[in-house]
$ cat coords28.txt   # compact mmCIF, C-alpha atoms
# COMPACT_ATOMS: atom_id res chain seq x y z
CA MET A 757 86.65 59.50 -64.64
CA ASP A 758 86.34 59.68 -60.85
CA LEU A 759 88.62 56.86 -59.61
CA SER A 760 86.89 56.71 -56.23
CA LYS A 761 83.59 55.92 -57.95
CA LEU A 762 85.30 53.33 -60.14
CA ASN A 763 86.85 51.64 -57.10
CA TYR A 764 83.48 51.67 -55.32
CA CYS A 765 81.75 50.04 -58.30
CA PHE A 766 84.50 47.43 -58.54
CA LEU A 767 84.20 46.61 -54.85
CA PHE A 768 80.41 46.39 -55.13
CA LEU A 769 80.71 44.00 -58.06
CA ILE A 770 83.08 41.76 -56.11
CA LEU A 771 80.68 41.65 -53.17
CA ILE A 772 77.80 40.69 -55.45
CA ILE A 773 79.81 37.91 -57.12
CA TYR A 774 81.12 36.64 -53.78
CA GLY A 775 77.65 36.68 -52.28
CA CYS A 776 76.21 34.76 -55.20
CA SER A 777 79.05 32.25 -55.01
CA GLU A 778 78.47 31.75 -51.30
CA ASP A 779 74.75 31.24 -51.86
CA LYS A 780 75.43 28.72 -54.60
CA LEU A 781 77.89 26.79 -52.46
CA SER A 782 75.43 26.78 -49.59
CA SER A 783 72.54 25.62 -51.75
CA ILE A 784 74.40 22.68 -53.28
CA SER A 785 75.88 21.52 -49.97
CA SER A 786 72.60 20.31 -48.43
CA LEU A 787 71.31 16.86 -49.25
CA GLN A 788 67.89 18.26 -50.15
CA ALA A 789 69.46 20.61 -52.72
CA VAL A 790 71.33 17.68 -54.26
CA LEU A 791 68.13 15.62 -54.51
CA ASP A 792 65.95 18.41 -55.94
CA ASN A 793 64.90 17.76 -59.56
CA GLU A 794 66.55 14.32 -59.51
CA ILE A 795 65.14 10.81 -59.56
CA VAL A 796 65.75 9.59 -56.02
CA VAL A 797 65.68 6.02 -54.75
CA LYS A 798 65.50 6.01 -50.97
CA ASP A 799 66.75 3.27 -48.64
CA ASN A 800 68.68 1.63 -51.47
CA VAL A 801 72.30 1.93 -50.35
CA ILE A 802 73.57 -0.70 -47.91
CA ALA A 803 75.50 1.22 -45.27
CA CYS A 804 76.36 1.27 -41.57
CA ALA A 805 78.90 2.85 -39.25
CA ALA A 806 81.26 1.71 -36.51
CA SER A 807 83.82 3.16 -34.14
CA ALA A 808 87.28 3.39 -35.67
CA ASP A 809 90.53 2.48 -33.94
CA LYS A 810 91.47 6.15 -33.56
CA GLN A 811 89.48 7.96 -30.89
CA GLY A 812 87.02 10.46 -32.33
CA GLU A 813 86.92 8.75 -35.72
CA VAL A 814 84.14 6.67 -37.25
CA ASN A 815 84.12 4.32 -40.23
CA VAL A 816 81.01 4.74 -42.38
CA PHE A 817 80.84 1.56 -44.46
CA PHE A 818 78.84 1.20 -47.67
CA TYR A 819 78.44 -1.34 -50.45
CA PRO A 820 79.25 0.25 -53.84
CA ARG A 821 77.25 -1.85 -56.27
CA GLU A 822 78.96 -2.49 -59.59
CA GLY A 823 78.45 0.51 -61.87
CA ALA A 824 77.72 2.93 -59.03
CA THR A 825 79.56 6.27 -59.14
CA ASN A 826 79.84 9.63 -57.35
CA PHE A 827 79.97 8.44 -53.74
CA ARG A 828 78.93 11.26 -51.39
CA TYR A 829 78.63 11.73 -47.66
CA PHE A 830 76.22 14.02 -45.76
CA GLU A 831 75.87 14.69 -42.03
CA THR A 832 73.79 16.70 -39.58
CA GLN A 833 75.37 19.00 -37.00
CA THR A 834 73.87 17.16 -34.04
CA ILE A 835 71.64 14.20 -33.28
CA ASN A 836 68.82 16.50 -32.14
CA VAL A 837 67.20 16.97 -35.56
CA ASP A 838 64.62 15.20 -37.69
CA LYS A 839 66.68 12.46 -39.36
CA ASN A 840 64.33 12.50 -42.37
CA ASN A 841 64.65 16.24 -43.03
CA PHE A 842 67.30 16.34 -45.74
CA GLU A 843 67.71 20.11 -45.37
CA ASP A 844 69.58 19.37 -42.13
CA TYR A 845 72.28 17.33 -43.88
CA THR A 846 75.41 19.07 -45.14
CA GLU A 847 77.83 17.46 -47.56
CA LYS A 848 81.34 16.73 -46.33
CA THR A 849 84.25 15.14 -48.18
CA PRO A 850 86.01 12.66 -45.87
CA GLU A 851 88.59 10.23 -47.17
CA ILE A 852 87.25 7.09 -48.90
CA LEU A 853 89.14 3.81 -48.42
CA ASP A 854 88.68 0.27 -49.69
CA VAL A 855 87.59 -2.60 -47.45
CA PHE A 856 88.00 -6.24 -48.52
CA ASN A 857 90.04 -4.98 -51.49
CA GLY A 858 87.25 -2.74 -52.73
CA LYS A 859 84.15 -4.87 -52.34
CA ILE A 860 83.12 -2.54 -49.50
CA LYS A 861 84.20 1.06 -49.05
CA ARG A 862 84.35 3.33 -46.02
CA PHE A 863 84.35 7.03 -45.32
CA VAL A 864 86.78 7.93 -42.52
CA VAL A 865 84.90 10.52 -40.49
CA SER A 866 86.18 12.66 -37.60
CA SER A 867 83.49 13.84 -35.21
CA THR A 868 83.46 15.17 -31.67
CA GLN A 869 79.72 14.58 -31.31
CA GLU A 870 77.04 12.14 -32.35
CA LYS A 871 74.95 12.86 -35.44
CA TRP A 872 72.96 11.43 -38.33
CA VAL A 873 74.72 10.66 -41.61
CA ILE A 874 73.63 9.55 -45.08
CA VAL A 875 75.59 8.05 -47.99
CA SER A 876 74.54 8.44 -51.62
CA PHE A 877 75.70 7.35 -55.05
CA ILE A 878 74.50 7.47 -58.65
CA GLU A 879 73.37 4.30 -60.39
CA ASP A 880 71.50 4.08 -63.71
CA GLY A 881 71.03 7.83 -63.74
CA LYS A 882 69.31 7.91 -60.35
CA ILE A 883 70.51 9.08 -56.95
CA HIS A 884 70.35 6.27 -54.39
CA ILE A 885 70.56 7.07 -50.68
CA CYS A 886 70.82 4.93 -47.56
CA ASN A 887 68.70 4.95 -44.45
CA PRO A 888 69.96 7.53 -41.93
CA ILE A 889 72.83 6.19 -39.83
CA TYR A 890 73.13 7.15 -36.16
CA LEU A 891 76.75 7.69 -35.13
CA LYS A 892 76.95 6.47 -31.52
CA HIS A 893 80.71 6.42 -31.09
CA ILE A 894 80.55 8.44 -27.88
CA THR A 895 77.69 6.87 -25.93
CA LYS A 896 77.82 3.39 -27.48
CA PRO A 897 81.26 2.65 -28.93
CA THR A 898 81.49 -0.46 -31.08
CA GLU A 899 82.64 -3.52 -29.11
CA LYS A 900 85.50 -5.38 -30.74
CA ILE A 901 85.28 -8.79 -29.16
CA ASN A 902 85.25 -12.41 -30.24
CA THR A 903 82.14 -14.33 -29.22
CA LEU A 904 82.45 -16.60 -32.25
CA ALA A 905 82.19 -20.39 -32.28
CA ILE A 906 83.09 -22.38 -35.39
CA ASP A 907 81.66 -25.85 -35.94
CA GLY A 908 83.93 -27.69 -38.37
CA VAL A 909 82.09 -31.01 -38.51
CA MET A 910 81.67 -30.27 -42.21
CA PRO A 911 85.10 -28.67 -42.82
CA THR A 912 84.34 -27.02 -46.17
CA MET A 913 80.96 -25.80 -44.90
CA PRO A 914 81.70 -24.56 -41.38
CA ILE A 915 78.95 -23.19 -39.16
CA PHE A 916 79.66 -19.85 -37.49
CA SER A 917 77.64 -18.91 -34.42
CA TRP A 918 77.93 -16.10 -31.89
CA GLN A 919 76.32 -14.24 -29.02
CA ASP A 920 75.64 -10.56 -28.56
CA GLY A 921 78.08 -8.62 -26.46
CA LEU A 922 77.29 -5.72 -24.18
CA TYR A 923 74.55 -4.39 -26.47
CA THR A 924 71.55 -6.62 -27.15
CA ASP A 925 69.54 -4.45 -29.55
CA SER A 926 71.17 -5.70 -32.77
CA ALA A 927 68.59 -6.12 -35.53
CA ILE A 928 70.68 -7.91 -38.17
CA TYR A 929 74.08 -9.58 -38.56
CA PHE A 930 76.49 -9.13 -41.48
CA GLN A 931 78.99 -11.90 -42.21
CA VAL A 932 81.95 -11.71 -44.61
CA VAL A 933 84.27 -14.57 -45.55
CA THR A 934 87.60 -13.64 -47.16
CA ASP A 935 90.65 -15.49 -48.42
CA SER A 936 94.15 -15.15 -46.97
CA GLU A 937 94.76 -12.01 -49.06
CA ASN A 938 91.58 -10.36 -47.77
CA ASN A 939 89.73 -10.86 -51.05
CA PHE A 940 85.96 -10.99 -50.59
CA LEU A 941 84.41 -14.45 -51.02
CA SER A 942 80.92 -14.01 -49.60
CA GLY A 943 78.84 -11.40 -47.83
CA THR A 944 75.51 -12.24 -46.22
CA TYR A 945 73.01 -10.92 -43.69
CA THR A 946 70.99 -13.01 -41.25
CA TYR A 947 68.58 -12.28 -38.44
CA ASP A 948 69.93 -15.40 -36.73
CA LYS A 949 73.12 -15.52 -34.72
CA MET A 950 74.54 -18.13 -37.08
CA PHE A 951 75.62 -18.64 -40.67
CA GLN A 952 76.84 -21.70 -42.55
CA TYR A 953 79.21 -21.31 -45.48
CA TYR A 954 77.75 -21.36 -48.11
CA LYS A 955 74.10 -22.12 -47.34
CA LEU A 956 71.46 -19.46 -47.87
CA ASN A 957 68.51 -20.96 -46.02
CA ASN A 958 68.56 -18.25 -43.33
CA VAL A 959 70.12 -15.45 -45.40
CA VAL A 960 67.86 -12.39 -45.73
CA LEU A 961 70.23 -10.25 -47.84
CA ASN A 962 73.13 -11.35 -49.99
CA ILE A 963 75.79 -9.15 -51.62
CA THR A 964 77.72 -12.13 -53.04
CA THR A 965 77.56 -11.61 -56.80
CA LYS A 966 78.99 -14.95 -57.89
CA GLN A 967 79.20 -18.45 -56.48
CA PRO A 968 82.01 -18.44 -53.90
CA PRO A 969 84.69 -21.13 -54.00
CA THR A 970 84.70 -24.29 -51.94
CA LEU A 971 86.96 -23.82 -48.94
CA ASN A 972 90.34 -25.54 -49.06
CA LYS A 973 91.45 -27.40 -45.92
CA SER A 974 95.07 -26.39 -46.46
CA LEU A 975 94.35 -22.65 -46.56
CA THR A 976 93.51 -19.98 -43.99
CA TYR A 977 90.48 -17.71 -44.32
CA GLY A 978 89.07 -14.67 -42.57
CA PHE A 979 85.65 -14.17 -41.03
CA THR A 980 84.22 -10.76 -40.16
CA LEU A 981 80.98 -10.21 -38.27
CA MET A 982 79.09 -6.98 -37.71
CA ALA A 983 76.10 -6.87 -35.37
CA VAL A 984 74.04 -3.91 -36.59
CA SER A 985 71.27 -2.03 -34.78
CA GLN A 986 68.02 -0.79 -36.30
CA ASP A 987 69.56 2.65 -36.85
CA ASN A 988 72.56 1.16 -38.68
CA TRP A 989 75.15 1.44 -35.91
CA VAL A 990 77.54 -1.49 -35.51
CA ASN A 991 77.19 -2.68 -31.92
CA MET A 992 79.79 -5.42 -32.17
CA LEU A 993 82.63 -6.20 -34.56
CA THR A 994 84.40 -9.55 -34.66
CA GLU A 995 87.34 -10.43 -36.91
CA THR A 996 89.09 -13.79 -36.85
CA ASN A 997 91.06 -16.23 -39.00
CA PHE A 998 90.13 -19.88 -39.41
CA SER A 999 91.10 -23.00 -41.29
CA PRO A 1000 88.45 -25.49 -42.48
$ encode --input "coords28.txt" --output "structure tokens"
Amino acid sequence: MDLSKLNYCFLFLILIIYGCSEDKLSSISSLQAVLDNEIVVKDNVIACAASADKQGEVNVFFYPREGATNFRYFETQTINVDKNNFEDYTEKTPEILDVFNGKIKRFVVSSTQEKWVIVSFIEDGKIHICNPIYLKHITKPTEKINTLAIDGVMPTMPIFSWQDGLYTDSAIYFQVVTDSENNFLSGTYTYDKMFQYYKLNNVVLNITTKQPPTLNKSLTYGFTLMAVSQDNWVNMLTETNFSP
């Protein structure tokens, strides 16, 4: 047998296999390819993003409902694309960390430019995806300031109120109350710049899955506030401790 022909055939076979592998990897890396032939539930993952402490990094937060699996992250190359064209989103695999001891999770994303991102997970055999999130860490870095006032007239039901910071286009406000060990007690959203623990009269979205405890006057608690814009960017982040 002519060894040169054999080597040529072997090389050709490798190129074919490699090419097919590359095509397959490319096809499954786009969000659209992942969603094809699947039952998709749009706008059904609670998620947002904020500047991280390290320059050039962003925290992409999401709420992993109980029973949800296969958390995935997709991003566009730039901001100058159609945010609703899922072909423009490529899957990446950034580190996932717990927030509030696992009640919330976050992808730790490194990016030198602004872009659109989407988070997905599987629940009840369906793929759920969030609204596109606009990473604005370069032109609109998240403010980490404390504009919080706490009214303790009713100590076990304090009223938290705040003002916007530099950015005034926040569409909704996310409030989390935690215990001294950072365990999640309640998580609520309001359109108002106030929340009373634990009254739901102005709450428009609630991720608290069980009745939270009555606050104890002898203990210290944590309060976290995120002021979120219409495109799911956190304009302002406030974190403080308080005692009833």
$ closest_atom_pairs --input "coords28.txt" --of "range 773-864 of chain A" --to "range 940-952 of chain A" --cutoff "12 Å" --atoms "all atoms listed in the file" --output "Markdown table"
| residue | atom | partner | partner_atom | distance |
| --- | --- | --- | --- | --- |
| A:Ile802 | CA | A:Tyr945 | CA | 11.1 |
| A:Tyr819 | CA | A:Gly943 | CA | 10.4 |
| A:Asp854 | CA | A:Phe940 | CA | 11.6 |
| A:Val855 | CA | A:Phe940 | CA | 9.1 |
| A:Phe856 | CA | A:Phe940 | CA | 5.6 |
| A:Asn857 | CA | A:Phe940 | CA | 7.3 |
| A:Gly858 | CA | A:Phe940 | CA | 8.6 |
| A:Lys859 | CA | A:Phe940 | CA | 6.6 |
| A:Ile860 | CA | A:Phe940 | CA | 9.0 |
$ atom_distance --input "coords28.txt" --atom1 "CA of Glu879 in chain A" --atom2 "CA of Val864 in chain A"
22.6 Å
$ residues_around --input "coords28.txt" --residues "Leu787 in chain A" --least-positions-apart "5" --cutoff "9 Å" --atoms "all atoms listed in the file" --output "MDAnalysis selection string"
chainID A and resid 792 830:831 842:847 874
$ write_last_selection --input "coords28.txt" --atoms "C-alpha atoms" --output "PDB file, in the frame of the given file"
ATOM      1  CA  ASP A 792      65.950  18.410 -55.940  1.00  0.00           C
ATOM      2  CA  PHE A 830      76.220  14.020 -45.760  1.00  0.00           C
ATOM      3  CA  GLU A 831      75.870  14.690 -42.030  1.00  0.00           C
ATOM      4  CA  PHE A 842      67.300  16.340 -45.740  1.00  0.00           C
ATOM      5  CA  GLU A 843      67.710  20.110 -45.370  1.00  0.00           C
ATOM      6  CA  ASP A 844      69.580  19.370 -42.130  1.00  0.00           C
ATOM      7  CA  TYR A 845      72.280  17.330 -43.880  1.00  0.00           C
ATOM      8  CA  THR A 846      75.410  19.070 -45.140  1.00  0.00           C
ATOM      9  CA  GLU A 847      77.830  17.460 -47.560  1.00  0.00           C
ATOM     10  CA  ILE A 874      73.630   9.550 -45.080  1.00  0.00           C
TER      11      ILE A 874
END
$ atom_distance --input "coords28.txt" --atom1 "CA of Lys848 in chain A" --atom2 "CA of Ser785 in chain A"
8.1 Å
$ atom_distance --input "coords28.txt" --atom1 "CA of Lys896 in chain A" --atom2 "CA of Gln931 in chain A"
21.3 Å
$ closest_residue --input "coords28.txt" --among "A:Thr825, A:Asn815, A:Ser876, A:Asn938" --to "Arg862 in chain A" --atoms "all atoms listed in the file"
A:Asn815
$ residues_near_point --input "coords28.txt" --point "(77.0, 2.1, -38.1)" --cutoff "6 Å" --atoms "only C-alpha atoms" --output "VMD selection string"
chain A and resid 804 to 806 988 to 990
$ residues_near_point --input "coords28.txt" --point "(85.3, -26.4, -36.8)" --cutoff "12 Å" --atoms "only C-alpha atoms" --output "list in words"
Leu904, Ala905, Ile906, Asp907, Gly908, Val909, Met910, Pro911, Thr912, Met913, Pro914, Ile915, Phe916, Ser917, Gln952, Tyr953, Lys973, Asn997, Phe998, Ser999 and Pro1000 of chain A
$ closest_residue --input "coords28.txt" --among "A:Val837, A:Leu993, A:Ile928, A:Ile878" --to "Val801 in chain A" --atoms "all atoms listed in the file"
A:Ile878
$ closest_residue --input "coords28.txt" --among "A:Ile894, A:Ala808, A:Leu922, A:Ile795" --to "Gln869 in chain A" --atoms "only C-alpha atoms"
A:Ile894
$ closest_residue --input "coords28.txt" --among "A:Ile835, A:Leu975, A:Leu853, A:Ile889" --to "Val875 in chain A" --atoms "all atoms listed in the file"
A:Ile889
$ closest_residue --input "coords28.txt" --among "A:Phe818, A:Phe877, A:Tyr923, A:Trp918" --to "Thr895 in chain A" --atoms "all atoms listed in the file"
A:Tyr923
$ closest_residue --input "coords28.txt" --among "A:Tyr929, A:Val873, A:Asn841, A:Val865" --to "Asn958 in chain A" --atoms "only C-alpha atoms"
A:Tyr929
